[in-house]
Each structure stands twice: as C-alpha cells, then as structure tokens.
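Heads up, data15.txt below (compact mmCIF, C-alpha atoms):
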```
# COMPACT_ATOMS: atom_id res chain seq x y z
CA SER B 20 -20.42 -27.25 -70.43
CA LEU B 21 -22.57 -25.69 -67.73
CA LEU B 22 -25.61 -27.57 -69.03
CA SER B 23 -23.94 -30.97 -68.84
CA LEU B 24 -22.71 -30.07 -65.34
CA LEU B 25 -26.19 -29.28 -64.22
CA ASN B 26 -27.54 -32.51 -65.69
CA SER B 27 -24.90 -34.64 -64.05
CA GLN B 28 -25.85 -36.81 -61.10
CA ASP B 29 -23.20 -35.23 -58.88
CA CYS B 30 -25.00 -31.88 -58.88
CA ASN B 31 -27.88 -31.40 -56.45
CA ILE B 32 -30.41 -28.85 -57.64
CA TYR B 33 -32.70 -27.31 -55.04
CA THR B 34 -36.35 -27.32 -56.06
CA PRO B 35 -38.79 -25.66 -53.72
CA THR B 36 -41.43 -27.94 -52.31
CA LYS B 37 -44.35 -27.41 -50.01
CA PRO B 38 -43.58 -27.96 -46.33
CA PRO B 39 -45.09 -31.12 -44.89
CA LYS B 40 -48.30 -30.80 -43.00
CA ARG B 41 -47.74 -30.62 -39.25
CA LYS B 42 -49.33 -33.28 -37.21
CA ALA B 43 -51.47 -32.51 -34.24
CA VAL B 44 -49.98 -32.81 -30.81
CA ASP B 45 -52.05 -35.88 -30.03
CA GLU B 46 -50.78 -37.64 -33.16
CA LEU B 47 -47.07 -37.21 -32.29
CA PRO B 48 -45.40 -40.37 -31.11
CA VAL B 49 -44.24 -40.46 -27.50
CA PRO B 50 -40.44 -40.95 -27.34
CA ARG B 51 -39.35 -44.04 -25.49
CA LYS B 52 -36.64 -43.86 -22.85
CA ARG B 53 -33.57 -45.94 -23.36
CA HIS B 54 -32.24 -47.89 -20.42
CA SER B 55 -28.67 -49.08 -20.71
CA PRO B 56 -27.44 -51.63 -18.19
CA ALA B 57 -25.07 -50.22 -15.62
CA LYS B 58 -21.51 -51.37 -15.99
CA SER B 59 -19.65 -52.71 -13.06
CA PRO B 60 -16.34 -51.07 -12.09
CA SER B 61 -14.47 -54.15 -13.19
CA SER B 62 -15.90 -54.15 -16.69
CA THR B 63 -13.67 -53.02 -19.53
CA ASP B 64 -14.43 -49.76 -21.31
CA SER B 65 -12.71 -48.52 -24.43
CA SER B 66 -13.64 -44.87 -23.75
CA PRO B 67 -10.73 -42.74 -22.49
CA PHE B 68 -13.08 -40.81 -20.20
CA LYS B 69 -14.15 -42.09 -16.82
CA LEU B 70 -17.09 -40.98 -14.75
CA ILE B 71 -16.10 -39.37 -11.47
CA SER B 72 -18.76 -38.92 -8.84
CA PHE B 73 -18.62 -36.26 -6.14
CA PRO B 74 -20.53 -36.34 -2.88
CA ALA B 75 -23.52 -34.03 -2.82
CA SER B 76 -22.82 -32.82 0.71
CA PRO B 77 -19.81 -33.00 3.03
CA THR B 78 -19.50 -36.17 5.01
CA PRO B 79 -19.28 -36.01 8.82
CA GLU B 80 -15.56 -36.77 8.61
CA GLN B 81 -14.82 -33.62 6.57
CA PRO B 82 -13.98 -30.41 8.50
CA THR B 83 -16.39 -27.53 8.02
CA LEU B 84 -15.61 -23.83 8.42
CA SER B 85 -17.47 -21.94 11.11
CA LEU B 86 -17.01 -18.47 12.53
CA PRO B 87 -16.64 -18.63 16.32
CA PRO B 88 -17.25 -15.67 18.62
CA SER B 89 -13.48 -15.20 18.94
CA SER B 90 -10.50 -16.87 17.34
CA SER B 91 -6.76 -16.68 17.70
CA SER B 92 -3.97 -17.56 15.34
CA LEU B 93 -1.60 -20.44 15.67
CA PRO B 94 2.04 -19.91 16.59
CA ALA B 95 4.63 -20.13 13.83
CA SER B 96 5.81 -23.55 15.08
CA SER B 97 2.42 -25.21 14.41
CA LEU B 98 1.75 -23.93 10.90
CA SER B 99 2.19 -27.38 9.39
CA ALA B 100 -0.08 -29.19 11.87
CA PRO B 101 -2.86 -31.31 10.30
CA ALA B 102 -6.40 -30.00 10.41
CA THR B 103 -8.97 -31.56 12.71
CA PRO B 104 -12.76 -31.42 12.35
CA ASN B 105 -13.22 -29.12 15.40
CA GLN B 106 -10.73 -26.44 14.35
CA THR B 107 -11.99 -22.89 14.17
CA PHE B 108 -11.90 -20.53 11.22
CA GLY B 109 -8.71 -18.79 12.40
CA ASN B 110 -6.88 -22.10 12.89
CA LEU B 111 -7.93 -23.43 9.49
CA ALA B 112 -6.69 -20.21 7.87
CA GLU B 113 -3.28 -21.01 9.33
CA VAL B 114 -3.29 -24.71 8.37
CA TYR B 115 -4.48 -24.32 4.78
CA ARG B 116 -2.11 -21.42 4.03
CA PRO B 117 0.56 -22.22 1.38
CA SER B 118 3.62 -23.73 2.97
CA GLY B 119 6.36 -21.23 3.76
CA SER B 120 4.01 -18.23 3.78
CA PRO B 121 4.42 -16.31 7.05
CA ILE B 122 1.29 -14.17 6.77
CA ARG B 123 -1.17 -14.70 9.59
CA VAL B 124 -4.92 -14.03 9.50
CA THR B 125 -6.67 -13.26 12.77
CA GLY B 126 -10.02 -11.95 13.94
CA THR B 127 -13.61 -12.64 12.95
CA LYS B 128 -15.10 -9.17 12.31
CA VAL B 129 -14.78 -8.56 8.55
CA VAL B 130 -14.69 -4.93 7.39
CA THR B 131 -13.93 -3.38 4.01
CA SER B 132 -11.01 -1.23 5.11
CA VAL B 133 -8.73 -1.38 8.14
CA LYS B 134 -6.06 1.15 9.05
CA PHE B 135 -2.87 -0.10 10.61
CA THR B 136 -3.51 1.84 13.82
CA GLU B 137 -6.86 0.01 14.12
CA SER B 138 -5.17 -3.40 14.10
CA SER B 139 -5.04 -3.37 17.91
CA ASP B 140 -8.74 -4.30 17.89
CA ARG B 141 -8.65 -8.04 18.55
CA ASN B 142 -11.97 -8.76 16.82
CA LEU B 143 -11.13 -7.21 13.43
CA CYS B 144 -10.24 -9.66 10.68
CA LYS B 145 -6.77 -8.57 9.58
CA VAL B 146 -3.57 -9.86 8.00
CA ASP B 147 -0.23 -9.52 9.76
CA LYS B 148 2.06 -7.68 7.33
CA SER B 149 4.73 -6.69 9.85
CA LEU B 150 7.44 -8.60 7.95
CA VAL B 151 7.22 -5.83 5.37
CA CYS B 152 9.46 -3.81 7.70
CA LYS B 153 12.30 -6.32 7.45
CA GLY B 154 11.71 -6.76 3.72
CA PHE B 155 11.96 -3.00 3.31
CA TRP B 156 15.26 -2.86 5.17
CA ASP B 157 16.76 -5.82 3.31
CA SER B 158 15.47 -5.08 -0.21
CA VAL B 159 15.32 -1.30 -0.49
CA GLU B 160 18.63 0.26 -1.42
CA GLU B 161 19.39 3.94 -1.04
CA ALA B 162 16.60 4.81 -3.49
CA SER B 163 13.75 2.55 -4.61
CA ARG B 164 10.26 2.74 -6.05
CA ILE B 165 7.20 0.53 -5.44
CA CYS B 166 4.23 0.82 -7.79
CA LEU B 167 1.00 -1.04 -6.99
CA PRO B 168 -2.64 -0.69 -8.13
CA ARG B 169 -5.20 1.24 -6.14
CA ARG B 170 -6.61 -0.43 -3.01
CA SER B 171 -3.65 -2.79 -2.68
CA GLY B 172 -2.42 -1.65 0.74
CA LYS B 173 0.23 0.96 -0.10
CA THR B 174 -0.86 3.45 2.57
CA TYR B 175 -1.31 0.65 5.12
CA ASN B 176 2.25 -0.59 4.60
CA LEU B 177 3.68 2.93 4.49
CA THR B 178 2.05 3.77 7.83
CA GLN B 179 3.42 0.53 9.25
CA LEU B 180 6.95 1.44 8.13
CA LEU B 181 6.60 4.93 9.58
CA LEU B 182 5.42 3.72 12.99
CA PHE B 183 8.10 1.04 13.19
CA PHE B 184 11.21 3.00 12.21
CA SER B 185 10.41 6.57 13.29
CA CYS B 186 12.06 7.83 16.47
CA MET B 187 9.47 10.60 16.79
CA PRO B 188 6.25 10.15 18.83
CA GLU B 189 4.06 10.29 15.67
CA GLN B 190 1.13 11.55 17.71
CA ALA B 191 -1.02 12.27 14.65
CA LYS B 192 -0.89 8.61 13.59
CA VAL B 193 -1.75 7.01 16.95
CA LYS B 194 -4.12 9.61 18.43
CA ALA B 195 -7.13 7.51 17.34
CA MET B 196 -5.98 4.64 19.58
CA PRO B 197 -7.69 4.86 22.99
CA ASP B 198 -5.54 5.11 26.12
CA SER B 199 -7.36 2.10 27.56
CA LEU B 200 -5.28 -0.15 25.29
CA LEU B 201 -2.26 0.61 27.46
CA CYS B 202 -3.85 -0.85 30.60
CA ASN B 203 -2.72 -4.36 31.49
CA GLY B 204 -1.53 -6.23 34.51
CA ASP B 205 1.43 -3.90 35.08
CA ILE B 206 -0.06 -0.56 33.95
CA THR B 207 -3.24 0.79 35.52
CA ALA B 208 -5.54 3.60 34.38
CA GLU B 209 -4.00 5.91 37.01
CA ASP B 210 -0.54 5.23 35.60
CA VAL B 211 -1.73 6.05 32.08
CA ALA B 212 -3.27 9.32 33.27
CA GLN B 213 0.10 10.44 34.67
CA MET B 214 2.11 9.59 31.53
CA ASP B 215 3.40 12.30 29.24
CA LEU B 216 2.45 12.37 25.55
CA ALA B 217 5.70 10.85 24.26
CA THR B 218 5.44 7.87 26.62
CA LYS B 219 1.83 7.19 25.60
CA CYS B 220 2.72 7.27 21.91
CA ARG B 221 5.66 4.94 22.42
CA LEU B 222 3.58 2.40 24.37
CA LYS B 223 0.79 2.51 21.79
CA ARG B 224 3.25 1.75 19.02
CA GLU B 225 4.72 -1.10 21.04
CA ARG B 226 1.20 -2.46 21.47
CA LEU B 227 0.75 -2.47 17.67
CA PHE B 228 3.80 -4.73 17.20
CA GLU B 229 3.77 -6.79 20.41
CA ASP B 230 2.13 -9.91 18.86
CA SER B 231 3.48 -9.41 15.35
CA LEU B 232 5.33 -12.00 13.33
CA LEU B 233 8.22 -9.57 13.00
CA ARG B 234 8.80 -9.52 16.75
CA LYS B 235 8.38 -13.29 17.11
CA LEU B 236 10.42 -14.44 14.11
CA HIS B 237 13.08 -11.69 14.07
CA PRO B 238 13.48 -10.38 17.64
CA LYS B 239 17.03 -9.17 17.04
CA PHE B 240 15.99 -7.07 14.06
CA TYR B 241 13.02 -5.74 16.03
CA HIS B 242 15.10 -4.47 18.94
CA GLU B 243 17.83 -3.05 16.70
CA HIS B 244 15.55 -0.95 14.48
CA PHE B 245 12.30 -0.23 16.34
CA MET B 246 11.91 3.56 16.78
CA LYS B 247 15.56 4.25 16.00
CA TYR B 248 15.56 6.56 12.93
CA PRO B 249 14.14 9.92 11.90
CA VAL B 250 11.61 9.37 9.10
CA LEU B 251 10.42 12.05 6.67
CA HIS B 252 6.94 11.29 5.36
CA ILE B 253 5.75 13.42 2.42
CA ASN B 254 2.34 12.93 0.81
CA PHE B 255 1.75 14.36 -2.68
CA SER B 256 -1.88 13.19 -2.99
CA ARG B 257 -3.24 16.77 -3.13
CA CYS B 258 -0.67 18.19 -5.53
CA LYS B 259 -3.00 19.36 -8.28
CA GLY B 260 -3.72 22.78 -9.68
CA ASN B 261 -5.63 24.74 -12.27
CA THR B 262 -2.54 26.80 -13.09
CA LEU B 263 1.22 26.47 -12.68
CA GLY B 264 1.18 28.84 -9.72
CA ASP B 265 -1.52 26.82 -7.98
CA PHE B 266 0.46 23.64 -8.63
CA ILE B 267 3.64 25.10 -7.08
CA VAL B 268 1.70 26.23 -4.01
CA ASN B 269 0.30 22.72 -3.49
CA ILE B 270 3.72 21.08 -3.93
CA GLY B 271 5.17 23.46 -1.37
CA GLY B 272 2.19 22.80 0.92
CA SER B 273 2.95 19.07 1.03
CA ILE B 274 6.54 19.76 2.07
CA ARG B 275 5.41 22.50 4.48
CA ASN B 276 3.18 19.99 6.33
CA THR B 277 6.20 17.77 6.98
CA VAL B 278 8.24 20.81 8.03
CA HIS B 279 5.59 21.83 10.59
CA THR B 280 5.68 18.36 12.14
CA TRP B 281 9.43 18.54 12.74
CA LEU B 282 9.45 22.17 13.90
CA LYS B 283 6.69 21.44 16.39
CA GLU B 284 8.61 18.51 17.84
CA TYR B 285 11.78 20.59 17.95
CA ARG B 286 10.03 23.30 19.97
CA LEU B 287 8.51 20.75 22.37
CA GLN B 288 11.97 19.41 23.13
CA GLN B 289 13.08 22.98 23.95
CA LYS B 290 16.26 22.73 21.93
CA ASP B 291 18.49 25.54 20.73
CA ALA B 292 16.35 27.94 18.71
CA GLU B 293 19.44 29.77 17.40
CA LEU B 294 20.47 26.85 15.19
CA PRO B 295 21.23 28.19 11.67
CA GLU B 296 19.33 25.36 9.97
CA PHE B 297 16.30 26.10 12.17
CA GLU B 298 16.34 29.79 11.26
CA ARG B 299 16.75 29.06 7.55
CA LEU B 300 13.84 26.61 7.58
CA ASN B 301 11.62 29.05 9.44
CA ARG B 302 12.46 31.81 6.96
CA LEU B 303 11.54 29.67 3.96
CA VAL B 304 8.25 28.63 5.58
CA ARG B 305 7.33 32.27 6.15
CA THR B 306 8.18 33.03 2.52
CA TYR B 307 5.96 30.20 1.34
CA GLU B 308 3.05 31.30 3.50
CA GLY B 309 3.42 34.77 2.04
CA ILE B 310 3.29 33.72 -1.62
CA SER B 311 0.44 31.25 -1.00
CA GLU B 312 -1.82 34.26 -0.47
CA GLU B 313 -0.55 36.08 -3.55
CA PRO B 314 -2.09 35.82 -7.06
CA GLU B 315 -1.27 32.69 -9.03
CA ASP B 316 0.98 34.56 -11.46
CA THR B 317 3.15 35.74 -8.58
CA ALA B 318 3.39 32.23 -7.09
CA ALA B 319 4.60 30.83 -10.43
CA LYS B 320 7.76 32.92 -10.12
CA TYR B 321 8.76 30.96 -6.98
CA LYS B 322 8.91 27.57 -8.68
CA ASN B 323 12.20 26.68 -6.93
CA LEU B 324 10.81 27.37 -3.44
CA PRO B 325 9.57 23.77 -2.79
CA LEU B 326 13.05 22.50 -3.68
CA ARG B 327 14.74 24.95 -1.33
CA MET B 328 12.30 24.05 1.45
CA PHE B 329 13.14 20.35 1.18
CA GLU B 330 16.89 21.06 1.15
CA ALA B 331 16.52 23.14 4.31
CA LEU B 332 14.38 20.43 5.97
CA SER B 333 16.94 17.77 5.05
CA ASP B 334 19.83 19.74 6.53
CA PHE B 335 17.85 20.57 9.67
CA VAL B 336 16.80 16.97 10.42
CA ALA B 337 20.28 15.61 9.70
CA GLU B 338 21.91 18.22 11.94
CA VAL B 339 19.57 17.69 14.90
CA TYR B 340 18.52 14.02 14.68
CA GLY B 341 20.93 12.38 12.21
CA ARG B 342 20.51 10.76 8.81
CA TYR B 343 16.94 9.83 7.97
CA ILE B 344 14.60 7.52 6.04
CA LEU B 345 12.41 9.11 3.36
CA LEU B 346 8.90 7.82 2.54
CA VAL B 347 7.05 9.56 -0.32
CA ASP B 348 3.40 8.62 -0.85
CA GLU B 349 1.55 9.18 -4.15
CA TYR B 350 4.70 10.37 -5.89
CA ASP B 351 3.02 10.07 -9.33
CA ILE B 352 0.00 12.30 -8.60
CA PRO B 353 1.85 15.51 -9.64
CA PHE B 354 2.76 13.98 -13.02
CA THR B 355 -0.77 12.74 -13.74
CA SER B 356 -2.20 16.15 -12.83
CA ILE B 357 0.30 17.83 -15.17
CA TYR B 358 -0.70 15.45 -17.96
CA LEU B 359 -4.42 16.17 -17.48
CA ALA B 360 -4.02 19.92 -16.92
CA LYS B 361 -5.14 22.39 -19.57
CA TRP B 362 -1.97 24.46 -19.43
CA ASN B 363 0.24 25.66 -22.20
CA LYS B 364 3.23 23.59 -23.26
CA ASP B 365 5.83 25.72 -21.47
CA ASP B 366 4.04 25.55 -18.11
CA LYS B 367 3.72 21.78 -18.33
CA GLN B 368 7.40 21.37 -19.13
CA ALA B 369 8.35 23.70 -16.25
CA ALA B 370 6.24 21.66 -13.80
CA ARG B 371 7.74 18.36 -15.00
CA ASN B 372 11.27 19.74 -14.68
CA LEU B 373 10.49 20.90 -11.14
CA MET B 374 9.30 17.45 -10.04
CA LYS B 375 12.22 15.61 -11.66
CA LEU B 376 14.70 17.96 -10.03
CA LEU B 377 12.93 17.58 -6.69
CA TYR B 378 13.11 13.76 -6.81
CA GLN B 379 16.75 13.95 -7.89
CA THR B 380 17.49 16.12 -4.85
CA MET B 381 15.57 13.75 -2.58
CA LEU B 382 16.99 10.43 -3.73
CA LYS B 383 20.27 10.99 -5.57
CA ASP B 384 22.02 14.19 -4.52
CA ASN B 385 21.30 13.60 -0.83
CA ASP B 386 24.09 12.69 1.59
CA ASN B 387 21.66 12.71 4.53
CA LEU B 388 19.59 9.80 3.21
CA ILE B 389 19.74 6.28 4.67
CA LYS B 390 16.96 4.77 2.56
CA GLY B 391 14.27 6.33 0.43
CA VAL B 392 11.27 4.83 -1.31
CA LEU B 393 8.57 6.23 -3.59
CA PHE B 394 5.06 4.75 -3.40
CA GLY B 395 2.66 5.16 -6.31
CA VAL B 396 0.62 3.54 -9.06
CA PHE B 397 2.40 4.44 -12.31
CA GLU B 398 6.09 4.13 -13.16
CA VAL B 399 6.79 7.68 -14.29
CA PRO B 400 10.16 8.35 -15.96
CA LEU B 401 12.24 10.50 -13.61
CA THR B 402 15.26 10.89 -15.89
CA GLU B 403 15.97 12.95 -18.97
CA MET B 404 18.70 11.86 -21.38
CA GLY B 405 20.06 9.54 -18.70
CA SER B 406 20.43 12.23 -16.04
CA GLY B 407 18.21 12.84 -13.03
CA ALA B 408 17.08 10.29 -10.44
CA ASN B 409 18.72 7.43 -12.34
CA ASN B 410 19.72 5.49 -9.21
CA ILE B 411 16.20 4.30 -8.36
CA LYS B 412 15.74 0.55 -8.02
CA GLU B 413 12.35 -0.81 -9.13
CA ILE B 414 10.72 -3.21 -6.67
CA ARG B 415 7.92 -5.24 -8.23
CA MET B 416 5.60 -7.84 -6.74
CA VAL B 417 6.03 -10.23 -9.70
```
Show me the file's structure as structure tokens.
Amino acid sequence: SLLSLLNSQDCNIYTPTKPPKRKAVDELPVPRKRHSPAKSPSSTDSSPFKLISFPASPTPEQPTLSLPPSSSSLPASSLSAPATPNQTFGNLAEVYRPSGSPIRVTGTKVVTSVKFTESSDRNLCKVDKSLVCKGFWDSVEEASRICLPRRSGKTYNLTQLLLFFSCMPEQAKVKAMPDSLLCNGDITAEDVAQMDLATKCRLKRERLFEDSLLRKLHPKFYHEHFMKYPVLHINFSRCKGNTLGDFIVNIGGSIRNTVHTWLKEYRLQQKDAELPEFERLNRLVRTYEGISEEPEDTAAKYKNLPLRMFEALSDFVAEVYGRYILLVDEYDIPFTSIYLAKWNKDDKQAARNLMKLLYQTMLKDNDNLIKGVLFGVFEVPLTEMGSGANNIKEIRMV
C-alpha cells in the first residue's frame, strides 16, 4: 500500500528544516593550498592525457611577419623555397601558400576594394588572378554560368576577361589609368603624347598583364589569345522597373549601351556606313529611343524590341569583326526584380518569358557565338518543360 511504501526505509521524505546559521566571515576557515610534487618526464602516468606547453612568446629563431616599405613576389620557380627569419611579408606569403596554388600576393597597401585596372599600382596589396583567363578558355563551353555570392570578385574577373580577350581598345575601362604608366626606358613622355588613342589603350592593357602569372606560366596561350576576339559585354544590374513597360525599357537600355560602344568604334574606323547590318541596328536603336520617351503602357507593347536589338547587334559584330565572346554580368537581376515587383500575374509571366527567350537567343540559337558565360548570384531556371537555354553548363567553385 501507499502507506507501507512511505514507511519503508527506501523512501526519502523531505521535511523542511531551518537553514543553518551563517558564520561570520572571520569565523570561516581559510582553505589550504595543496602542493603536489612535480613529476619528472620519465615517470609513468596512467592518464591518457599529456600536458603540452607552448612558448609564451616567439623565440629568436622563429620568423616574424613584418610589413616592409615595399615588397615583391617570388618567381614561380622558388615557391617551395624554405622560409628564413629575414624574409619579408610578400615572400612569406609565397612560401606559406598551399603547395600547387599559383596565386600570388603582392603589395603592402591594403584597401577594401581594388578594381582590376588599378592593379598597375605597385603598392596595392592584390592577388594575381590572371590564370582565370586560361581557366575560362579551357573550362567554359559554348554556354556556361558562374554563380558566386556578393563581394566575391565576379566583376573583377569579368573585367579581367574583357581586357584580355577583347580586340577593341576598351577605352572606357582603362581611361582611369594615367598615361605616365606607359613611360619606361624605351617610351618617353613625348612619345606617349604623340600616340593615338588605340595605341595608348593597347599599351595600358599590356602593362596590366606584363608581370602576370598567365604571361609567365603560359606564354604561348598569352600570345595566341591576347586581344584577338570581339567581346560583347552586357550588364543587367539596372534592369528593374515599377511596371512592365519600365522593365522593358531598362532591358533595352542595357543592350543599347553595348550597341553604342560598337557603333562608336565602327564610326571611328571609318568603315562602310552602307552595310545592311549597320543600317538595321541604327534603325532599331532609333526606335528604342523613341519608345523610351513614350508612356509606360506604350513601351509594354514593344516587349520583343530588346530581343531584336540583340539579334541585330550579333549579326553586325559577326559580319564586321567575326564571331565573338559574350559576357553577361548580373544576369539574375531581372528575375529577382520580377519576383519582387508588385505587378499582376500576366505581366510577370510576360517578363519572365522575355528574359528566357533572350538568353536562349544569346546562348543557344546563336551561330555567331564562340563562348558565352553568365555571371550572377542565383541559379535561375532558364528552361521551361525542357526547352529554352538548356545547353548551359554550370561551373561551381566546389
């Protein structure tokens, strides 16, 4: 019974008692310290754990890192050389790099963000990523996609690819580089002043790659592909809109910016202005500029105009300069803006269909394409029921 269980000796019943009286501080006993004799290293110990002691400060024999006023990187042949105590920060960065890694760190001036065209500054702390150009050529098939998080160097690498492969002067990309960088033992300031714009741009781009790992480790690839191809660079970072019409105008504006670059270069070269592809491209640009000033409802009716502009640009570049490389930056921005837009269901579906058809025209149904790559953050589906841009190869870092 419950009563017999309570009376049993195995059951502990709590009975409240008064707490003991606390003693004064002076009456508390002083704890005594225990001193155990130190064991010698040769003594046996049954414990599986061993005490490991570390030095409190580096010994004189250990190398210490210091930032010198200027540092230079080691050549590729000395990457496996042992470190010595007097080596500088740049040399230690080369020695302690994982074996087989070709990336080289140079410079001592640390900044938060460096553009590729600023890498000619010898004091900036930067990483040589020029081997990306060869990796792009070897890994990227006719159509590929690279998705990386924000602030991971997508624009830096894309600019590097553009300035390496493009046969155009790319004045807008290198105009921030001062002309004084071209002066050396063979070229004086007077010689630079007499150069034309195309020659200055070419020499500035050569200066960007003159000490690169790509040129040192793969000289044959460098001379075969440097400034040899037309490159179309399209940036969709501003393709947003409050309405479908506004969205179409911004998509067409991104393509129009690339069109203006090629038409300007075509006019500077004083080539045949009666070329049919040139006239067709000019006509579509004028049409776009006309609807961009119209109300948004009117612009929504020209949803196929960005597609027609790219087709005309593709035919024009292929006819005048040959087959080209396509680089698309922020390809996923239009899809994220459609997802976040407060449009009706039909407008959102029309915008998605436009972008999928545009990427299919760029990367699949394009006989003028040598290689094309999309840069972005998110892997957006570009196919519908198996059709669309279904030939894209995913390139991942892991």
- Task: Tell me which protein, DNA and RNA residues are within 8 Å of segment 357-363 of chain B, counting only C-alpha atoms, leaving out same-chain ones fewer than 6 positions away, and put them as a VMD selection string.
- Result: chain B and resid 259 to 263 370 to 371
- Message: With only C-alpha atoms as the counted atoms, please give the residues lying no more than 10 Å from Val278 of chain B, apart from itself and same-chain residues fewer than 6 positions off, as a PyMOL selection string.
- Response: chain B and resi 251-253+272+300-301+304+328-329+331-333+335-336
- Message: Which residue is closest to Thr174 of chain B? Choose from B:Phe255, B:Phe240, B:Tyr350, B:Phe394 and count all atoms listed in the file.
- Response: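 Distance minimum relative to Thr174 of chain B lands on B:Phe394.
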- From atom CA of Lys412 of chain B to atom CA of Leu167 of chain B the spacing works out at 14.9 Å
- Find the residues near Arg305 of chain B: any atom within 12 Å, counting all atoms listed in the file, skip ones fewer than 2 places away on the same chain, and give them as a VMD selection string. chain B and resid 271 to 272 275 278 to 279 298 to 303 307 to 312 324 328
- Query: Which distance in Å separates atom CA of Ala319 of chain B and atom CA of Ile274 of chain B, to one decimal?
  - Reply: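 If I compute the distance from atom CA of Ala319 of chain B to atom CA of Ile274 of chain B, I get 16.8 Å.
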- Could you work out how far atom CA of Val399 of chain B lies from atom CA of Gln179 of chain B, giving the answer in Å with one decimal? 24.8 Å
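Of the listed residues B:Ala408, B:Ala369, B:Val396, B:Ile352, the one whose atoms come nearest to Arg169 of chain B is B:Val396, with distances taken using only C-alpha atoms.
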- Message: Calculated over all atoms listed in the file, which of the candidates B:Glu338, B:Thr280, B:Asp366, B:Glu330 has the smallest distance to Gln379 of chain B?
- Response: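 Ranking B:Glu338, B:Thr280, B:Asp366, B:Glu330 by distance to Gln379 of chain B, first place goes to B:Glu330.
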Polymer residues at most 12 Å from segment 193-198 of chain B, all atoms listed in the file, same-chain spacing of 2 or more positions, as an mmCIF file with C-alpha atoms, keeping the file's coordinate frame:
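For reference, selection_26.cif as written:
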```
data_model
loop_
_atom_site.group_PDB
_atom_site.id
_atom_site.type_symbol
_atom_site.label_atom_id
_atom_site.label_comp_id
_atom_site.auth_asym_id
_atom_site.auth_seq_id
_atom_site.Cartn_x
_atom_site.Cartn_y
_atom_site.Cartn_z
ATOM 1 C CA LYS B 134 -6.060 1.150 9.050
ATOM 2 C CA PHE B 135 -2.870 -0.100 10.610
ATOM 3 C CA THR B 136 -3.510 1.840 13.820
ATOM 4 C CA GLU B 137 -6.860 0.010 14.120
ATOM 5 C CA SER B 138 -5.170 -3.400 14.100
ATOM 6 C CA SER B 139 -5.040 -3.370 17.910
ATOM 7 C CA ASP B 140 -8.740 -4.300 17.890
ATOM 8 C CA THR B 178 2.050 3.770 7.830
ATOM 9 C CA GLN B 179 3.420 0.530 9.250
ATOM 10 C CA LEU B 181 6.600 4.930 9.580
ATOM 11 C CA LEU B 182 5.420 3.720 12.990
ATOM 12 C CA MET B 187 9.470 10.600 16.790
ATOM 13 C CA PRO B 188 6.250 10.150 18.830
ATOM 14 C CA GLU B 189 4.060 10.290 15.670
ATOM 15 C CA GLN B 190 1.130 11.550 17.710
ATOM 16 C CA ALA B 191 -1.020 12.270 14.650
ATOM 17 C CA LEU B 200 -5.280 -0.150 25.290
ATOM 18 C CA LEU B 201 -2.260 0.610 27.460
ATOM 19 C CA CYS B 202 -3.850 -0.850 30.600
ATOM 20 C CA ASN B 203 -2.720 -4.360 31.490
ATOM 21 C CA ILE B 206 -0.060 -0.560 33.950
ATOM 22 C CA THR B 207 -3.240 0.790 35.520
ATOM 23 C CA ALA B 208 -5.540 3.600 34.380
ATOM 24 C CA GLU B 209 -4.000 5.910 37.010
ATOM 25 C CA ASP B 210 -0.540 5.230 35.600
ATOM 26 C CA VAL B 211 -1.730 6.050 32.080
ATOM 27 C CA ALA B 212 -3.270 9.320 33.270
ATOM 28 C CA GLN B 213 0.100 10.440 34.670
ATOM 29 C CA MET B 214 2.110 9.590 31.530
ATOM 30 C CA ASP B 215 3.400 12.300 29.240
ATOM 31 C CA LEU B 216 2.450 12.370 25.550
ATOM 32 C CA ALA B 217 5.700 10.850 24.260
ATOM 33 C CA THR B 218 5.440 7.870 26.620
ATOM 34 C CA LYS B 219 1.830 7.190 25.600
ATOM 35 C CA CYS B 220 2.720 7.270 21.910
ATOM 36 C CA ARG B 221 5.660 4.940 22.420
ATOM 37 C CA LEU B 222 3.580 2.400 24.370
ATOM 38 C CA LYS B 223 0.790 2.510 21.790
ATOM 39 C CA ARG B 224 3.250 1.750 19.020
ATOM 40 C CA GLU B 225 4.720 -1.100 21.040
ATOM 41 C CA ARG B 226 1.200 -2.460 21.470
ATOM 42 C CA LEU B 227 0.750 -2.470 17.670
#
```
